[in-house]
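A.B. asks: What follows is my_file-v4.cif; its format and atoms are mmCIF, C-alpha atoms.
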data_data
#
loop_
_atom_site.label_atom_id
_atom_site.label_comp_id
_atom_site.auth_asym_id
_atom_site.auth_seq_id
_atom_site.Cartn_x
_atom_site.Cartn_y
_atom_site.Cartn_z
CA MET A 3 183.83 68.35 91.19
CA ALA A 4 183.73 71.87 92.54
CA GLY A 5 184.84 74.63 90.25
CA GLY A 6 187.64 77.12 90.78
CA GLY A 7 187.14 79.42 93.72
CA PHE A 8 184.69 77.01 95.35
CA SER A 9 185.87 75.59 98.68
CA ALA A 10 183.21 73.44 100.28
CA ASP A 11 182.74 72.93 104.01
CA SER A 12 183.30 69.17 104.07
CA GLU A 13 181.44 68.41 107.29
CA LEU A 14 178.33 70.31 106.29
CA SER A 15 178.55 69.06 102.73
CA ASP A 16 178.51 65.45 103.94
CA ILE A 17 175.49 65.76 106.24
CA ILE A 18 173.43 68.05 104.01
CA SER A 19 174.12 65.88 100.97
CA LYS A 20 172.99 62.86 102.97
CA LEU A 21 169.78 64.61 104.01
CA TRP A 22 169.10 65.71 100.43
CA ASP A 23 169.65 62.23 99.01
CA MET A 24 167.44 60.52 101.59
CA ASP A 25 164.58 63.03 101.26
CA ASP A 26 161.92 61.12 99.34
CA ASN A 27 159.45 63.92 100.07
CA LYS A 28 161.09 66.47 97.75
CA CYS A 29 159.14 67.58 94.69
CA HIS A 30 160.18 67.16 91.06
CA HIS A 31 159.73 69.32 87.98
CA GLY A 32 157.25 67.96 85.50
CA THR A 33 155.66 65.66 88.07
CA ASP A 34 154.83 67.89 91.02
CA TYR A 35 155.23 71.35 89.47
CA GLU A 36 156.21 73.19 86.32
CA LEU A 37 158.09 76.47 85.99
CA ASP A 38 157.76 79.22 83.40
CA LEU A 39 161.01 81.17 83.73
CA GLN A 40 160.44 83.80 81.01
CA GLY A 41 162.91 86.71 80.97
CA TYR A 42 166.29 87.50 82.51
CA VAL A 43 166.53 90.29 85.07
CA CYS A 44 169.55 92.40 84.20
CA SER A 45 170.10 94.25 87.46
CA SER A 46 169.01 93.92 91.08
CA ARG A 47 169.28 97.70 91.36
CA ASP A 48 166.35 98.28 89.01
CA THR A 49 162.98 96.91 90.11
CA SER A 50 160.91 99.00 87.68
CA LYS A 51 161.20 96.60 84.74
CA ASP A 52 159.13 93.44 84.45
CA PHE A 53 160.56 90.68 82.26
CA ALA A 54 157.80 88.16 82.96
CA ARG A 55 154.20 88.48 81.79
CA ASP A 56 153.02 85.32 83.59
CA ASN A 57 153.60 83.60 86.92
CA LEU A 58 156.81 81.72 87.67
CA PHE A 59 154.86 78.59 88.58
CA ALA A 60 152.74 77.35 85.69
CA TRP A 61 151.22 74.82 88.08
CA VAL A 62 151.78 72.84 91.27
CA ASP A 63 149.94 69.55 91.77
CA ASP A 64 147.34 69.90 94.54
CA ASN A 65 148.34 66.47 95.81
CA VAL A 66 151.59 67.99 97.09
CA PHE A 67 149.59 69.69 99.83
CA GLU A 68 148.01 66.42 100.89
CA ARG A 69 151.42 65.27 102.13
CA ARG A 70 151.52 65.66 105.88
CA THR A 71 154.52 67.97 106.27
CA TYR A 72 153.48 70.16 103.33
CA LYS A 73 149.93 70.46 104.65
CA ALA A 74 151.14 71.32 108.16
CA PHE A 75 153.64 73.81 106.72
CA ARG A 76 150.96 75.51 104.63
CA ASN A 77 148.73 75.92 107.68
CA LEU A 78 151.43 77.99 109.39
CA LEU A 79 151.89 80.54 106.63
CA ASP A 80 148.93 82.79 107.51
CA ASN A 81 149.76 83.05 111.21
CA PHE A 82 151.92 86.18 111.08
CA GLU A 83 151.61 89.94 110.81
CA LEU A 84 153.42 91.14 107.71
CA GLU A 85 154.94 94.37 108.94
CA VAL A 86 158.03 94.45 111.15
CA GLY A 87 157.11 96.41 114.27
CA GLU A 88 153.63 94.91 114.62
CA GLU A 89 153.56 92.65 117.65
CA GLU A 90 152.75 89.01 116.97
CA ILE A 91 149.93 87.39 118.94
CA VAL A 92 149.92 83.58 118.94
CA THR A 93 146.47 82.02 119.33
CA ARG A 94 145.65 78.58 120.69
CA GLU A 95 144.87 77.34 117.18
CA GLU A 96 148.24 78.61 115.94
CA ARG A 97 150.05 76.86 118.81
CA GLU A 98 148.31 73.63 117.81
CA GLU A 99 149.41 74.14 114.21
CA ILE A 100 153.01 74.59 115.34
CA GLU A 101 152.82 71.35 117.33
CA GLU A 102 151.39 69.47 114.37
CA PHE A 103 154.12 70.75 112.07
CA LEU A 104 156.92 69.83 114.47
CA THR A 105 155.40 66.40 115.10
CA ALA A 106 155.05 65.79 111.37
CA ILE A 107 158.64 66.70 110.48
CA MET A 108 160.04 64.79 113.46
CA GLU A 109 158.57 61.60 112.02
CA THR A 110 160.47 61.97 108.73
CA GLU A 111 163.76 60.19 108.06
CA VAL A 112 165.37 63.54 107.24
CA MET A 113 164.72 65.00 110.67
CA LYS A 114 165.61 61.76 112.43
CA GLU A 115 169.00 61.78 110.71
CA ALA A 116 169.48 65.49 111.48
CA HIS A 117 168.69 64.79 115.13
CA ASN A 118 171.13 61.87 115.27
CA PHE A 119 173.85 64.01 113.71
CA LEU A 120 173.32 66.83 116.23
CA VAL A 121 173.34 64.36 119.11
CA ARG A 122 176.71 63.03 117.91
CA LYS A 123 177.98 66.61 117.74
CA ARG A 124 176.63 67.24 121.27
CA LYS A 125 174.41 70.03 120.01
CA ALA A 126 171.10 68.35 120.86
CA ASP A 127 169.72 66.04 123.53
CA GLU A 128 169.03 62.48 122.40
CA ASP A 129 165.54 62.70 123.90
CA VAL A 130 163.16 63.33 120.99
CA TRP A 131 160.78 65.44 123.07
CA LYS A 132 163.64 67.73 124.16
CA PHE A 133 164.87 68.08 120.58
CA LYS A 134 161.37 68.96 119.43
CA LYS A 135 161.25 71.63 122.14
CA GLN A 136 164.63 72.92 120.92
CA LEU A 137 163.30 73.20 117.37
CA LYS A 138 160.23 75.04 118.61
CA ASP A 139 162.40 77.52 120.48
CA ILE A 140 164.69 78.12 117.48
CA TRP A 141 161.97 78.53 114.89
CA PHE A 142 158.87 79.84 116.65
CA ARG A 143 159.85 81.71 119.83
CA LEU A 144 159.12 85.38 119.18
CA PHE A 145 161.79 88.06 119.36
CA ALA A 146 162.10 91.75 118.55
CA ARG A 147 163.48 92.41 115.07
CA SER A 148 162.66 96.12 115.10
CA TYR A 149 163.51 98.77 117.64
CA GLY A 150 161.01 99.28 120.43
CA GLY A 151 161.07 95.87 122.06
CA ARG A 152 157.90 94.50 120.42
CA LYS A 153 158.04 90.76 119.78
CA ASP A 154 157.35 91.13 116.09
CA SER A 155 159.25 88.28 114.46
CA CYS A 156 160.49 84.71 114.64
CA SER A 157 162.90 82.64 112.58
CA PHE A 158 160.13 80.76 110.78
CA GLU A 159 158.33 83.94 109.78
CA HIS A 160 161.37 85.60 108.26
CA VAL A 161 162.83 82.61 106.43
CA PHE A 162 159.66 81.00 105.13
CA VAL A 163 156.87 83.60 105.22
CA GLY A 164 158.51 86.97 104.62
CA GLU A 165 158.22 90.31 106.41
CA GLY A 166 157.47 93.86 105.34
CA ARG A 167 159.85 96.66 106.22
CA GLY A 168 158.83 99.97 104.72
CA GLU A 169 158.85 99.69 100.94
CA GLU A 170 160.74 96.40 100.85
CA LEU A 171 160.01 92.77 101.58
CA ILE A 172 162.64 90.88 103.55
CA GLY A 173 162.98 87.14 103.96
CA LEU A 174 160.66 84.77 102.09
CA HIS A 175 163.13 82.21 100.78
CA ASN A 176 160.73 79.33 100.24
CA TRP A 177 159.25 78.06 96.98
CA ILE A 178 155.97 76.89 98.55
CA GLN A 179 155.20 80.30 100.00
CA PHE A 180 156.26 81.94 96.73
CA TYR A 181 153.86 79.74 94.75
CA LEU A 182 150.94 80.23 97.14
CA GLN A 183 151.35 84.01 97.27
CA GLU A 184 151.82 84.21 93.51
CA LYS A 185 148.63 82.17 93.03
CA ALA A 186 146.80 84.51 95.43
CA GLY A 187 147.88 87.53 93.36
CA ASN A 188 150.20 88.97 96.02
CA ILE A 189 153.44 88.39 94.11
CA ASP A 190 154.25 89.87 90.71
CA TYR A 191 157.18 87.87 89.36
CA HIS A 192 159.61 90.00 87.31
CA GLY A 193 162.01 87.33 86.06
CA TYR A 194 165.15 85.49 87.11
CA PHE A 195 168.87 86.13 87.49
CA ARG A 196 170.11 82.53 87.53
CA ARG A 197 168.49 79.20 86.87
CA GLU A 198 171.04 76.56 87.82
CA THR A 199 173.64 75.46 90.34
CA LYS A 200 175.75 73.51 87.84
CA LYS A 201 176.24 73.48 84.10
CA ASP A 202 173.45 71.97 81.98
CA ASP A 203 171.21 71.23 84.94
CA GLU A 204 168.09 69.59 83.51
CA GLU A 205 165.99 69.89 86.66
CA ILE A 206 165.97 73.48 87.90
CA ARG A 207 166.56 73.47 91.64
CA LEU A 208 167.74 76.96 92.45
CA LEU A 209 166.57 80.33 91.24
CA ALA A 210 167.52 83.90 92.02
CA VAL A 211 164.41 85.92 91.19
CA GLN A 212 162.96 89.42 91.46
CA PHE A 213 159.39 90.32 92.33
CA ASP A 214 157.04 92.91 93.79
CA TRP A 215 154.68 92.27 96.69
CA LYS A 216 151.18 93.67 96.05
CA ASP A 217 152.78 96.48 93.96
CA GLN A 218 153.86 98.05 97.25
CA LYS A 219 157.06 96.32 98.30
CA ALA A 220 160.06 95.40 96.16
CA LYS A 221 162.20 92.28 96.46
CA PRO A 222 165.25 93.14 94.32
CA MET A 223 166.74 89.65 94.59
CA CYS A 224 165.48 86.50 96.27
CA SER A 225 167.09 83.06 96.34
CA VAL A 226 164.66 80.15 96.35
CA PHE A 227 165.53 76.46 96.34
CA ILE A 228 162.87 74.76 94.22
CA GLY A 229 161.17 71.50 95.23
CA SER A 230 162.79 71.08 98.64
CA SER A 231 160.62 69.64 101.40
CA PRO A 232 159.87 71.68 104.54
CA GLU A 233 161.72 69.16 106.71
CA PHE A 234 164.87 69.33 104.58
CA GLU A 235 165.16 73.11 104.87
CA ILE A 236 164.40 73.09 108.61
CA ALA A 237 167.05 70.39 109.09
CA ALA A 238 169.74 72.10 107.00
CA TYR A 239 169.35 75.54 108.58
CA THR A 240 169.06 74.14 112.12
CA ILE A 241 172.29 72.19 111.72
CA CYS A 242 174.15 75.27 110.47
CA LEU A 243 172.84 77.38 113.34
CA LEU A 244 173.68 74.87 116.06
CA LEU A 245 177.15 74.25 114.64
CA ASP A 246 177.76 78.02 114.78
CA ARG A 247 178.29 78.25 111.02
CA ASP A 248 177.31 81.90 110.89
CA GLY A 249 177.68 83.62 107.55
CA LYS A 250 178.08 82.36 103.96
CA LEU A 251 179.13 78.74 103.49
CA ASP A 252 180.09 76.90 100.30
CA ILE A 253 178.36 73.52 100.30
CA GLN A 254 178.64 70.62 97.88
CA MET A 255 175.09 69.30 98.14
CA GLY A 256 175.18 66.11 96.15
CA GLU A 257 175.60 67.29 92.54
CA TYR A 258 174.86 70.91 93.40
CA GLU A 259 177.37 73.59 94.33
CA VAL A 260 175.50 75.99 96.59
CA GLU A 261 176.11 78.79 99.02
CA LEU A 262 174.17 78.29 102.22
CA THR A 263 173.76 81.53 104.18
CA VAL A 264 172.82 81.60 107.85
CA HIS A 265 172.87 84.70 110.03
CA SER A 266 172.03 84.29 113.70
CA HIS A 267 170.03 86.98 115.48
CA GLY A 268 171.17 88.46 118.77
CA LYS A 269 172.69 86.40 121.56
CA TRP A 270 170.00 83.72 121.42
CA ARG A 271 169.80 80.73 119.06
CA LYS A 272 167.59 82.47 116.49
CA LEU A 273 167.88 82.95 112.75
CA GLY A 274 168.04 86.48 111.39
CA THR A 275 167.90 84.93 107.92
CA ALA A 276 168.74 81.68 106.14
CA TYR A 277 168.66 80.70 102.49
CA ILE A 278 170.33 78.60 99.80
CA ALA A 279 171.87 80.46 96.86
CA ALA A 280 173.99 79.62 93.84
CA ALA A 281 177.66 79.26 94.71
CA ARG A 282 178.64 81.75 92.02
CA MET A 283 176.08 84.24 90.78
CA GLU A 284 177.23 84.34 87.16
CA GLN A 285 175.12 85.09 84.11
CA HIS A 286 176.31 85.84 80.58
CA GLY A 287 179.89 86.30 81.77
CA LYS A 288 178.97 88.87 84.40
CA GLN A 289 179.63 88.47 88.11
CA TYR A 290 176.90 89.49 90.54
CA SER A 291 177.78 90.43 94.09
CA ARG A 292 176.38 88.05 96.70
CA LYS A 293 174.23 90.09 99.01
CA LYS A 294 172.07 89.37 102.01
CA TRP A 295 168.43 89.51 100.97
#
In structure tokens, what does this structure look like?
C.D. replies:
Amino acid sequence: MAGGGFSADSELSDIISKLWDMDDNKCHHGTDYELDLQGYVCSSRDTSKDFARDNLFAWVDDNVFERRTYKAFRNLLDNFELEVGEEEIVTREEREEIEEFLTAIMETEVMKEAHNFLVRKRKADEDVWKFKKQLKDIWFRLFARSYGGRKDSCSFEHVFVGEGRGEELIGLHNWIQFYLQEKAGNIDYHGYFRRETKKDDEEIRLLAVQFDWKDQKAKPMCSVFIGSSPEFEIAAYTICLLLDRDGKLDIQMGEYEVELTVHSHGKWRKLGTAYIAAARMEQHGKQYSRKKW
């Protein structure tokens, strides 16, 4: 049951819960990965204190990246220029990697169900090839995020990879990218704000964390849903975008109460940002404001 002040979007809750329950490709704590939470972060306003000596991820099983969608997802992560304002150039190899990723996720039951749902809602063509093209346009067609007209961003880059803007890092709301960049020494994990989406949650699924990127860029607060498959997140955010659910949405996702945030970009069907956060950012009796990170 949802707690006081939580009013779930029933339509989205139903479809996203269904996708979550049917996703056999999700990862599980203790089997596929292990977390080392360490210390609480007291304030998102202060990024100078580090409450974690070690990495957030103690380990992730290498076999995870032998799964087709995870392997294809990983291959996409080094295809982008970090800094906003630097024009993106897509090579032939990168276009092939995009095609492989889209083909891989389209063959999963999660994406098949998402497609069927969007067809019923008249938001997608029933032709699989046309839907795949629609996904490619939403997630990988370049657009200008900065002033100057340079095509320097795309939805996939912001949501899953992360982008640099001056002294801050924006985007990067994916646990796989977090783990890989932490392992590479690019992320210095500072600690966490919240570790659960419901009381006494034994398997940690959602974290609000703080980190630095290469000691140059701060990420005061970042929401990351732990263990979710690439296809699940693509499906959930695509559905929200195409149903015009712009903004912050309370979702009952199976046993989890979450806030799913989607902000469209410009007049086209693009994502300015998208992430899953805790429905109520509470810790030790304090209430944290829910901000767009």
A.B. asks: Using the chain letters and numbers from the file, which residues does the PyMOL selection byres ((chain A and resi 123-132) around 12) grab, as a PyMOL selection string?
C.D. replies: chain A and resi 13+17+101+104-105+107-109+113-122+133-139+240-246+271
A.B. asks: List the residues selected by the PyMOL selection byres ((chain A and resi 189) around 10) in the file shown, writing them as a CSV table (one decimal) with C-alpha atoms, in the coordinates of the input.
C.D. replies:
chain,number,residue,atom,x,y,z
A,57,ASN,CA,153.6,83.6,86.9
A,58,LEU,CA,156.8,81.7,87.7
A,180,PHE,CA,156.3,81.9,96.7
A,181,TYR,CA,153.9,79.7,94.8
A,182,LEU,CA,150.9,80.2,97.1
A,183,GLN,CA,151.4,84.0,97.3
A,184,GLU,CA,151.8,84.2,93.5
A,185,LYS,CA,148.6,82.2,93.0
A,186,ALA,CA,146.8,84.5,95.4
A,187,GLY,CA,147.9,87.5,93.4
A,188,ASN,CA,150.2,89.0,96.0
A,190,ASP,CA,154.2,89.9,90.7
A,191,TYR,CA,157.2,87.9,89.4
A,192,HIS,CA,159.6,90.0,87.3
A,212,GLN,CA,163.0,89.4,91.5
A,213,PHE,CA,159.4,90.3,92.3
A,214,ASP,CA,157.0,92.9,93.8
A,215,TRP,CA,154.7,92.3,96.7
A,216,LYS,CA,151.2,93.7,96.0
A,217,ASP,CA,152.8,96.5,94.0
A,219,LYS,CA,157.1,96.3,98.3
A,220,ALA,CA,160.1,95.4,96.2
A,221,LYS,CA,162.2,92.3,96.5
A.B. asks: Since I can't run it myself right now, could you work out what the PyMOL selection byres ((chain A and resi 225-233) around 8) selects here and report it as a PyMOL selection string?
C.D. replies: chain A and resi 25+27-31+71-72+75+107+110+112-113+175-177+206-211+223-224+234-237+277-279
A.B. asks: So which residues touch region 80-93 of chain A within 12 Å, counting all atoms listed in the file, skipping near sequence neighbours fewer than 5 positions away, as a PyMOL selection string?
C.D. replies: chain A and resi 74-75+98-100+142-160+162-174+179+182-183+215+219
A.B. asks: Mind listing whatever residues come within 9 Å of the point (167.8, 91.8, 86.8)? Use only C-alpha atoms, file coordinates, and give them as a list in words.
C.D. replies: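 Looking at atoms near the point gives Tyr42, Val43, Cys44, Ser45, Ser46, Arg47, Asp48, Thr49, Lys51, Phe53, His192, Gly193, Tyr194, Phe195, Val211, Gln212, Pro222 and Met223 of chain A.
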A.B. asks: Would you mind reading off the distance between CA of Thr275 (chain A) and CA of Ile18 (chain A), one decimal, in Å?
C.D. replies: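 Computed distance, CA of Thr275 (chain A) to CA of Ile18 (chain A), equals 18.2 Å.
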A.B. asks: So what do you get for CA of Ile253 (chain A) versus CA of Ser12 (chain A), distance-wise?
C.D. replies: 7.6 Å
A.B. asks: Tell me, in Å to one decimal, how far CA of Asp64 (chain A) is from CA of Arg97 (chain A).
C.D. replies: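 Going from CA of Asp64 (chain A) over to CA of Arg97 (chain A) covers 25.4 Å.
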A.B. asks: Restricting the calculation to all atoms listed in the file, which member of A:Gly249, A:Arg94, A:Ala106, A:Ile178 is positioned closest to Asp63 (chain A)?
C.D. replies: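 Closest to Asp63 (chain A) of all the choices is A:Ile178.
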